[in-house]
Amino acid sequence: MVRVTTTDRRAVLRAGAGIVASGVLTTGCATGGAAAHPAAPTSRTPVPRTPAPAPLPHHPAQITHGPRDRPRVALTFHGNGDPATARTLLSTAEEHGSRVTVLAVGTWLDAHPGLARRVLDGGHDLGNHTLRHLDINAMPEADAAAEIRGCAERLTRLTGSIGTWFRPSRGARASPLVERLARRAGYPHVLSYDVDSLDFTSPGAPAVVRNVMAGVRAGSIVSLHFGYADTVAAFPGLLHELDRRGLRAVTTTELLS
């Protein structure tokens with residue numbers, strides 16, 4: 001059985017305590033309501049280091065995993081919710097020598113524009129997770145296009161690029177329409193995943209670790225979320241268990257390179 005050790009818990013509960021006390025509960029990709037739509041940020045200095053999306057000739061339009069012959073995995077975070085969880089998780093990854101991928105919600109960037117720089121300064125990937133985190137696969141074409149374009153515009157304003165990856169909101173895979181719209185917006189691939197942590201269901205930190213470790217293997221792309229105390233509490237133990245299996249957490253760009 002995978003365990004989150006006492007030492008692991010002590011390392012994160014100090015950070016997590018404030019998060020829990022503040023009532024951090026955000027919307028996962030399967031449940032919940034729409035976020036508010038605040039005004040877009042203005043007069044931001046772009047971060048000039050963000051790579052633009054690039055086609056990968058040997059990968060499908062919707063990518064669920066990377067090469068299975070190299071001991072690497074990509075931990076991908078849906079960027080939404082209380083920024084305290086984002087900063088804690090990014091710092092934990094960096095202290096461990098790991099890098100992650102953040103798919104940011106546009107309205108989250110409106111509310112916390114400094115987090116775009118924080119992600120990139122840590123050496124992590126940054127991408128597009130739609131403007132308002134609605135069920136994009138169920139939308140009419142014009143609305144779905146606006147969701148993709150709206151987040152891309154915010155990323156461009158903040159970083160000088162539309163972001164390296166696109167992931168649809170409220171679904172692991174994009175519909176054929178959303179896939180076409182993403183390509184039209186400049187994203188050659190849709191980033192899916194083959195391992196779901198189910199952390200947005202708040203199952204407890206040990207369950208988050210078990211959910212990941214039950215399915216992860218070389219090349220896996222793992223779905224995780226900012227905004228949940230269980231994810232914060234689980235993360236050191238998860239990184240430890242990946243180490244035990246000889247798997248290194250890298251950005252999606254590195255995983256697929």
# chains A, B, ... in the order shown; residues from 1 in each chain; ligands from 1

call {"tool": "select_by_dssp", "arguments": {"residues": "region 9-236 of chain A", "states": "helix (DSSP H, G or I)", "output": "MDAnalysis selection string"}}
result
chainID A and resid 9:21 83:96 106:111 114:121 136:138 141:159 176:185 199:201 205:215 229:236

call {"tool": "residues_around", "arguments": {"residues": "region 99-114 of chain A", "least_positions_apart": "3", "cutoff": "7 Å", "atoms": "only C-alpha atoms", "output": "PyMOL selection string"}}
result
chain A and resi 37-41+74-80+93-94+117-118+123-133+150-151+154+167+249-252

call {"tool": "write_last_selection", "arguments": {"atoms": "N, CA, C and O atoms", "output": "compact mmCIF listing (two decimals), in the first residue's frame"}}
result
# COMPACT_ATOMS: atom_id res chain seq x y z
N HIS A 37 -16.24 36.43 -14.43
CA HIS A 37 -15.43 36.87 -15.56
C HIS A 37 -14.97 38.30 -15.30
O HIS A 37 -15.56 39.25 -15.78
N PRO A 38 -13.87 38.47 -14.51
CA PRO A 38 -13.39 39.81 -14.22
C PRO A 38 -12.74 40.44 -15.45
O PRO A 38 -12.48 39.77 -16.44
N ALA A 39 -12.47 41.72 -15.34
CA ALA A 39 -11.85 42.44 -16.46
C ALA A 39 -10.46 41.90 -16.72
O ALA A 39 -9.76 41.47 -15.82
N ALA A 40 -10.07 41.94 -17.97
CA ALA A 40 -8.75 41.45 -18.35
C ALA A 40 -7.68 42.38 -17.80
O ALA A 40 -7.87 43.59 -17.68
N PRO A 41 -6.49 41.82 -17.43
CA PRO A 41 -5.42 42.67 -16.94
C PRO A 41 -4.88 43.57 -18.04
O PRO A 41 -4.95 43.26 -19.22
N ALA A 74 4.78 13.28 -16.74
CA ALA A 74 4.40 14.69 -16.68
C ALA A 74 3.25 14.85 -15.70
O ALA A 74 2.19 14.23 -15.87
N LEU A 75 3.45 15.66 -14.68
CA LEU A 75 2.40 16.00 -13.73
C LEU A 75 1.78 17.31 -14.20
O LEU A 75 2.46 18.35 -14.23
N THR A 76 0.52 17.27 -14.60
CA THR A 76 -0.13 18.44 -15.17
C THR A 76 -1.21 18.94 -14.22
O THR A 76 -2.04 18.17 -13.74
N PHE A 77 -1.19 20.24 -13.96
CA PHE A 77 -2.11 20.86 -13.00
C PHE A 77 -3.09 21.77 -13.71
O PHE A 77 -2.69 22.62 -14.52
N HIS A 78 -4.36 21.62 -13.40
CA HIS A 78 -5.40 22.52 -13.86
C HIS A 78 -5.29 23.79 -13.03
O HIS A 78 -5.51 23.76 -11.82
N GLY A 79 -4.95 24.91 -13.65
CA GLY A 79 -4.65 26.14 -12.94
C GLY A 79 -5.89 26.94 -12.61
O GLY A 79 -6.40 27.69 -13.44
N ASN A 80 -6.38 26.79 -11.40
CA ASN A 80 -7.56 27.49 -10.93
C ASN A 80 -7.52 27.46 -9.41
O ASN A 80 -6.73 26.73 -8.82
N ALA A 93 7.52 21.09 -5.80
CA ALA A 93 8.11 20.46 -6.98
C ALA A 93 9.55 20.93 -7.17
O ALA A 93 10.46 20.11 -7.41
N GLU A 94 9.77 22.22 -7.07
CA GLU A 94 11.10 22.77 -7.30
C GLU A 94 12.11 22.29 -6.26
O GLU A 94 13.26 21.96 -6.59
N ARG A 117 4.04 34.55 -14.35
CA ARG A 117 5.49 34.70 -14.19
C ARG A 117 6.03 33.68 -13.18
O ARG A 117 7.11 33.11 -13.38
N ARG A 118 5.28 33.45 -12.10
CA ARG A 118 5.74 32.48 -11.08
C ARG A 118 5.94 31.09 -11.70
O ARG A 118 6.93 30.41 -11.42
N GLY A 123 10.57 27.31 -14.13
CA GLY A 123 10.97 26.35 -15.15
C GLY A 123 9.88 25.39 -15.58
O GLY A 123 10.15 24.36 -16.19
N HIS A 124 8.62 25.73 -15.28
CA HIS A 124 7.50 24.87 -15.60
C HIS A 124 6.86 25.26 -16.94
O HIS A 124 7.06 26.37 -17.43
N ASP A 125 6.08 24.35 -17.50
CA ASP A 125 5.28 24.65 -18.70
C ASP A 125 4.02 25.41 -18.30
O ASP A 125 3.45 25.19 -17.22
N LEU A 126 3.54 26.26 -19.20
CA LEU A 126 2.30 27.01 -18.98
C LEU A 126 1.44 26.91 -20.23
O LEU A 126 1.93 27.12 -21.35
N GLY A 127 0.17 26.57 -20.05
CA GLY A 127 -0.72 26.43 -21.19
C GLY A 127 -2.12 26.92 -20.91
O GLY A 127 -2.40 27.54 -19.88
N ASN A 128 -3.03 26.62 -21.84
CA ASN A 128 -4.38 27.17 -21.92
C ASN A 128 -5.40 26.11 -21.47
O ASN A 128 -5.46 25.02 -22.02
N HIS A 129 -6.23 26.48 -20.48
CA HIS A 129 -7.30 25.59 -20.00
C HIS A 129 -8.66 26.27 -20.13
O HIS A 129 -9.54 26.07 -19.30
N THR A 130 -8.81 27.06 -21.17
CA THR A 130 -10.01 27.82 -21.52
C THR A 130 -10.19 29.05 -20.64
O THR A 130 -9.53 29.20 -19.62
N LEU A 131 -11.11 29.89 -21.05
CA LEU A 131 -11.30 31.17 -20.36
C LEU A 131 -12.01 31.03 -19.02
O LEU A 131 -11.57 31.57 -18.02
N ARG A 132 -13.12 30.28 -19.01
CA ARG A 132 -13.95 30.26 -17.80
C ARG A 132 -14.17 28.87 -17.22
O ARG A 132 -14.93 28.71 -16.27
N HIS A 133 -13.53 27.87 -17.76
CA HIS A 133 -13.62 26.50 -17.24
C HIS A 133 -15.05 25.97 -17.26
O HIS A 133 -15.56 25.40 -16.29
N GLY A 150 -10.04 33.41 -25.67
CA GLY A 150 -9.98 34.31 -24.52
C GLY A 150 -8.81 34.00 -23.61
O GLY A 150 -8.10 34.90 -23.14
N CYS A 151 -8.59 32.71 -23.33
CA CYS A 151 -7.44 32.36 -22.50
C CYS A 151 -6.13 32.61 -23.24
O CYS A 151 -5.15 33.09 -22.66
N ARG A 154 -5.07 36.19 -22.96
CA ARG A 154 -4.51 36.54 -21.65
C ARG A 154 -3.09 36.01 -21.51
O ARG A 154 -2.21 36.71 -21.00
N ARG A 167 -5.60 22.35 -23.11
CA ARG A 167 -6.41 21.24 -22.59
C ARG A 167 -7.85 21.71 -22.46
O ARG A 167 -8.11 22.79 -21.90
N ALA A 249 9.62 13.38 -12.60
CA ALA A 249 8.57 14.31 -13.04
C ALA A 249 9.20 15.45 -13.82
O ALA A 249 10.04 16.20 -13.30
N VAL A 250 8.78 15.61 -15.08
CA VAL A 250 9.32 16.62 -15.98
C VAL A 250 8.17 17.39 -16.61
O VAL A 250 7.01 17.01 -16.51
N THR A 251 8.47 18.48 -17.29
CA THR A 251 7.43 19.19 -18.03
C THR A 251 6.94 18.34 -19.19
O THR A 251 7.62 17.42 -19.64
N THR A 252 5.77 18.66 -19.67
CA THR A 252 5.24 17.93 -20.83
C THR A 252 6.14 18.13 -22.04
O THR A 252 6.34 17.21 -22.85

call {"tool": "closest_residue", "arguments": {"among": "A:Ser98, A:Arg157, A:Ile162, A:Asp143", "to": "Val73 (chain A)", "atoms": "only C-alpha atoms"}}
result
A:Ser98

call {"tool": "select_by_dssp", "arguments": {"residues": "region 91-205 of chain A", "states": "strand (DSSP E or B)", "output": "ChimeraX atom specification"}}
result
/A:101-104,125-128,166,190-191,195-196

call {"tool": "residues_around", "arguments": {"residues": "Leu238 (chain A)", "least_positions_apart": "3", "cutoff": "6 Å", "atoms": "only C-alpha atoms", "output": "PyMOL selection string"}}
result
chain A and resi 209+235+241

call {"tool": "residues_around", "arguments": {"residues": "Ala205 (chain A)", "least_positions_apart": "6", "cutoff": "7 Å", "atoms": "only C-alpha atoms", "output": "ChimeraX atom specification"}}
result
/A:230-231,233-234

call {"tool": "write_last_selection", "arguments": {"atoms": "N, CA, C and O atoms", "output": "PDB file, in the first residue's frame"}}
result
ATOM      1  N   ASP A 230      -6.113  18.506  -0.284  1.00  0.00           N
ATOM      2  CA  ASP A 230      -5.666  17.116  -0.391  1.00  0.00           C
ATOM      3  C   ASP A 230      -4.494  16.985  -1.354  1.00  0.00           C
ATOM      4  O   ASP A 230      -3.588  16.170  -1.139  1.00  0.00           O
ATOM      5  N   THR A 231      -4.503  17.766  -2.425  1.00  0.00           N
ATOM      6  CA  THR A 231      -3.407  17.714  -3.394  1.00  0.00           C
ATOM      7  C   THR A 231      -2.118  18.217  -2.760  1.00  0.00           C
ATOM      8  O   THR A 231      -1.041  17.637  -2.943  1.00  0.00           O
ATOM      9  N   ALA A 233      -1.364  18.183   0.442  1.00  0.00           N
ATOM     10  CA  ALA A 233      -0.909  17.205   1.424  1.00  0.00           C
ATOM     11  C   ALA A 233      -0.333  15.957   0.768  1.00  0.00           C
ATOM     12  O   ALA A 233       0.580  15.322   1.303  1.00  0.00           O
ATOM     13  N   ALA A 234      -0.868  15.579  -0.404  1.00  0.00           N
ATOM     14  CA  ALA A 234      -0.432  14.360  -1.074  1.00  0.00           C
ATOM     15  C   ALA A 234       0.868  14.527  -1.845  1.00  0.00           C
ATOM     16  O   ALA A 234       1.580  13.540  -2.082  1.00  0.00           O
TER      17      ALA A 234
END

call {"tool": "residues_around", "arguments": {"residues": "region 194-203 of chain A", "least_positions_apart": "2", "cutoff": "9 Å", "atoms": "only C-alpha atoms", "output": "ChimeraX atom specification"}}
result
/A:25-31,64-65,172,192,205-216,220-231

call {"tool": "atom_distance", "arguments": {"atom1": "CA of Gly219 (chain A)", "atom2": "CA of Arg72 (chain A)"}}
result
5.7 Å

call {"tool": "residues_around", "arguments": {"residues": "Ala144 (chain A)", "least_positions_apart": "5", "cutoff": "8 Å", "atoms": "only C-alpha atoms", "output": "PyMOL selection string"}}
result
chain A and resi 136-137+139+178+181

call {"tool": "closest_residue", "arguments": {"among": "A:Pro83, A:Gly97, A:Pro51, A:Gly66", "to": "Leu120 (chain A)", "atoms": "only C-alpha atoms"}}
result
A:Pro51

call {"tool": "closest_residue", "arguments": {"among": "A:Asp121, A:Leu134, A:Gly160, A:His96", "to": "Asp243 (chain A)", "atoms": "only C-alpha atoms"}}
result
A:His96
